[in-house]
Amino acid sequence: MGVFKTRGDVQALARPERRTDLSAHRKYKEQALEACRGLAACGLGPGIGGHVSVRVPGKELFYTNAFEKCFEEMRAEDILLLDFEGNVLESNRAVSLGLTFHHGIYKQRPDVGAIVHSHGFWLTAQAAFGRPLRTFNNLATFFYERTCISPNDDFASIGPALRQGDVAIIIPWHGAITVGKDIAEAAALHVTMDYAARLDVTLPAEAPVIPHDMCLELRALVERADYLALTWELVRRKGRDAFDGQRVVPRLAA
């Protein structure tokens, strides 16, 4: 049995390397890497601490990124395989202690196939309000009545707060988490939430929000338009275009 090594707010499991049939789920590793680079290209990856994870369907396994690099720096060797107990398999690399909520969510929500957590500037600014996003445009309706507030980033806090059907979790003074049926949905929701958070933070308190009935209509409309799938393709393109062979160099609009 391995022994946990701790280093600050990271942990690694010292254990003999164990071979796994990686060829069967290589695409999930590639998806996690694409998400890291795409999120970085969208300005969500300049600092240490964000996590992306992709569940391996039918297995109690998921891929996630190593702790010591930011999204901008991720390479294939930085995407690690973990089990649902949080053990790092086939590697002694360090992962964030905050990863406990990933396997906790996967156990609680079988419908969730991928999770994204970041400390993006606008998401973190909005999280300081400790409330769900206000609905100031059609894209914010993705999160309408589908966002929970968790007092902390551990699963002991997130688990009771997370309801069936929720797609976003706000952690006050910390950041945000999005979940989806796959990485396309989770990552697209994350960049969309960051945009909606910018509107929330910058518009005045007296700005009118979209009424309830209209929120539901607009959400149905953007879902029919396949917005999230198209946004994931955009995120992937941005990640590929911004990767210079060594790292992602974001090309951000003002």
# chains A, B, ... in the order shown; residues from 1 in each chain; ligands from 1
>>> select_by_dssp(residues="stretch 148-249 of chain A", states="strand (DSSP E or B)", output="ChimeraX atom specification")
/A:148-149,168-171,175-180,243,248
>>> residues_around(residues="A:Glu30", least_positions_apart="4", cutoff="9 Å", atoms="only C-alpha atoms", output="JSON list (two decimals) with N, CA and C atoms, in the first residue's frame")
[["chain", "number", "residue", "atom", "x", "y", "z"],
["A", 26, "ARG", "N", -7.55, 6.63, -24.01],
["A", 26, "ARG", "CA", -6.62, 7.70, -24.36],
["A", 26, "ARG", "C", -7.35, 8.98, -24.76],
["A", 34, "GLU", "N", -6.96, 19.10, -24.06],
["A", 34, "GLU", "CA", -7.58, 20.11, -24.92],
["A", 34, "GLU", "C", -8.33, 21.15, -24.09],
["A", 35, "ALA", "N", -9.02, 20.69, -23.05],
["A", 35, "ALA", "CA", -9.77, 21.62, -22.21],
["A", 35, "ALA", "C", -8.84, 22.57, -21.48],
["A", 76, "ALA", "N", 0.86, 16.59, -22.51],
["A", 76, "ALA", "CA", 0.24, 15.28, -22.34],
["A", 76, "ALA", "C", 0.71, 14.58, -21.07],
["A", 79, "ILE", "N", -1.20, 15.20, -17.68],
["A", 79, "ILE", "CA", -2.57, 14.72, -17.47],
["A", 79, "ILE", "C", -2.49, 13.34, -16.82]]
>>> closest_residue(among="A:Phe121, A:Phe142, A:Tyr63, A:Phe136", to="A:Val88", atoms="only C-alpha atoms")
A:Tyr63
>>> closest_residue(among="A:Gly113, A:Ile105, A:Ala66, A:Leu230", to="A:Ser91", atoms="only C-alpha atoms")
A:Ala66
>>> residues_around(residues="A:Gly45", least_positions_apart="6", cutoff="7 Å", atoms="only C-alpha atoms", output="list in words")
Leu39, Cys70, Phe71 and Glu72 of chain A
>>> write_last_selection(atoms="C-alpha atoms", output="compact mmCIF listing (two decimals), in the first residue's frame")
# COMPACT_ATOMS: atom_id res chain seq x y z
CA LEU A 39 -9.47 27.40 -21.08
CA CYS A 70 -1.04 26.18 -14.81
CA PHE A 71 -3.44 25.46 -17.68
CA GLU A 72 -1.20 27.43 -20.06
>>> closest_residue(among="A:Ile48, A:Ala32, A:Val116, A:Ala197", to="A:Lys69", atoms="only C-alpha atoms")
A:Ile48
>>> closest_atom_pairs(of="stretch 100-119 of chain A", to="stretch 176-185 of chain A", cutoff="6 Å", atoms="only C-alpha atoms", output="JSON lines")
{"residue": "A:Asp111", "atom": "CA", "partner": "A:Lys181", "partner_atom": "CA", "distance": 5.9}
{"residue": "A:Val112", "atom": "CA", "partner": "A:Lys181", "partner_atom": "CA", "distance": 4.7}
{"residue": "A:Gly113", "atom": "CA", "partner": "A:Asp182", "partner_atom": "CA", "distance": 4.6}
{"residue": "A:Ala114", "atom": "CA", "partner": "A:Ile183", "partner_atom": "CA", "distance": 4.9}
{"residue": "A:Ile115", "atom": "CA", "partner": "A:Val179", "partner_atom": "CA", "distance": 4.6}
{"residue": "A:Val116", "atom": "CA", "partner": "A:Thr178", "partner_atom": "CA", "distance": 5.3}
{"residue": "A:His117", "atom": "CA", "partner": "A:Ile177", "partner_atom": "CA", "distance": 4.4}
>>> write_last_selection(atoms="C-alpha atoms", output="compact mmCIF listing (two decimals), in the first residue's frame")
# COMPACT_ATOMS: atom_id res chain seq x y z
CA ASP A 111 -24.82 11.90 -15.08
CA VAL A 112 -21.68 14.05 -14.72
CA GLY A 113 -18.88 13.10 -17.11
CA ALA A 114 -16.55 16.08 -16.65
CA ILE A 115 -15.80 18.88 -14.19
CA VAL A 116 -14.01 22.23 -14.57
CA HIS A 117 -12.84 24.43 -11.70
>>> closest_residue(among="A:Tyr227, A:Phe143, A:Tyr28, A:Phe67", to="A:Gly98", atoms="only C-alpha atoms")
A:Phe67
>>> residues_around(residues="A:Asn138", least_positions_apart="3", cutoff="9 Å", atoms="only C-alpha atoms", output="PyMOL selection string")
chain A and resi 135+141-142+210+215+218-219+221-222
>>> atom_distance(atom1="atom CA of A:Asp244", atom2="atom CA of A:Met74")
12.1 Å
>>> closest_residue(among="A:Thr124, A:Ala41, A:Lys29, A:Leu97", to="A:Leu81", atoms="only C-alpha atoms")
A:Lys29
>>> residues_around(residues="stretch 127-129 of chain A", least_positions_apart="5", cutoff="12 Å", atoms="only C-alpha atoms", output="ChimeraX atom specification")
/A:118-122,134,147-152,168-177,193-194,197-198,200-201,205
>>> write_last_selection(atoms="C-alpha atoms", output="PDB file, in the first residue's frame")
ATOM      1  CA  SER A 118     -10.988  27.709 -12.108  1.00  0.00           C
ATOM      2  CA  HIS A 119     -10.199  30.941 -10.339  1.00  0.00           C
ATOM      3  CA  GLY A 120     -10.894  33.050 -13.409  1.00  0.00           C
ATOM      4  CA  PHE A 121     -10.866  36.775 -12.665  1.00  0.00           C
ATOM      5  CA  TRP A 122     -14.544  37.442 -13.377  1.00  0.00           C
ATOM      6  CA  ARG A 134     -27.984  37.553 -12.287  1.00  0.00           C
ATOM      7  CA  THR A 147     -26.469  26.968  -9.574  1.00  0.00           C
ATOM      8  CA  CYS A 148     -25.694  26.101  -5.967  1.00  0.00           C
ATOM      9  CA  ILE A 149     -23.580  27.914  -3.389  1.00  0.00           C
ATOM     10  CA  SER A 150     -21.054  25.880  -1.402  1.00  0.00           C
ATOM     11  CA  PRO A 151     -19.353  27.410   1.651  1.00  0.00           C
ATOM     12  CA  ASN A 152     -16.086  25.607   0.899  1.00  0.00           C
ATOM     13  CA  ALA A 168     -22.581  25.235 -11.612  1.00  0.00           C
ATOM     14  CA  ILE A 169     -21.219  25.648  -8.098  1.00  0.00           C
ATOM     15  CA  ILE A 170     -20.083  28.985  -6.695  1.00  0.00           C
ATOM     16  CA  ILE A 171     -17.597  29.002  -3.825  1.00  0.00           C
ATOM     17  CA  PRO A 172     -17.660  32.457  -2.171  1.00  0.00           C
ATOM     18  CA  TRP A 173     -14.343  34.352  -2.293  1.00  0.00           C
ATOM     19  CA  HIS A 174     -12.802  31.457  -4.217  1.00  0.00           C
ATOM     20  CA  GLY A 175     -14.076  30.639  -7.716  1.00  0.00           C
ATOM     21  CA  ALA A 176     -16.513  28.447  -9.586  1.00  0.00           C
ATOM     22  CA  ILE A 177     -17.082  24.875 -10.745  1.00  0.00           C
ATOM     23  CA  MET A 193     -20.206  31.477 -16.981  1.00  0.00           C
ATOM     24  CA  ASP A 194     -17.068  33.625 -16.984  1.00  0.00           C
ATOM     25  CA  ALA A 197     -19.976  36.834 -14.459  1.00  0.00           C
ATOM     26  CA  ARG A 198     -18.318  39.816 -16.133  1.00  0.00           C
ATOM     27  CA  ASP A 200     -22.904  40.569 -13.356  1.00  0.00           C
ATOM     28  CA  VAL A 201     -19.904  42.278 -11.783  1.00  0.00           C
ATOM     29  CA  ALA A 205     -27.264  46.748  -8.984  1.00  0.00           C
TER      30      ALA A 205
END
>>> residues_around(residues="A:Pro57", least_positions_apart="4", cutoff="9 Å", atoms="only C-alpha atoms", output="PyMOL selection string")
chain A and resi 25+61-62+113
>>> write_last_selection(atoms="C-alpha atoms", output="mmCIF file, in the first residue's frame")
data_model
loop_
_atom_site.group_PDB
_atom_site.id
_atom_site.type_symbol
_atom_site.label_atom_id
_atom_site.label_comp_id
_atom_site.auth_asym_id
_atom_site.auth_seq_id
_atom_site.Cartn_x
_atom_site.Cartn_y
_atom_site.Cartn_z
ATOM 1 C CA HIS A 25 -9.377 5.647 -22.741
ATOM 2 C CA LEU A 61 -11.357 6.438 -12.945
ATOM 3 C CA PHE A 62 -10.843 9.970 -14.201
ATOM 4 C CA GLY A 113 -18.882 13.103 -17.106
#
>>> closest_residue(among="A:Leu228, A:Ala207, A:Val167, A:Leu99", to="A:Phe155", atoms="only C-alpha atoms")
A:Leu99
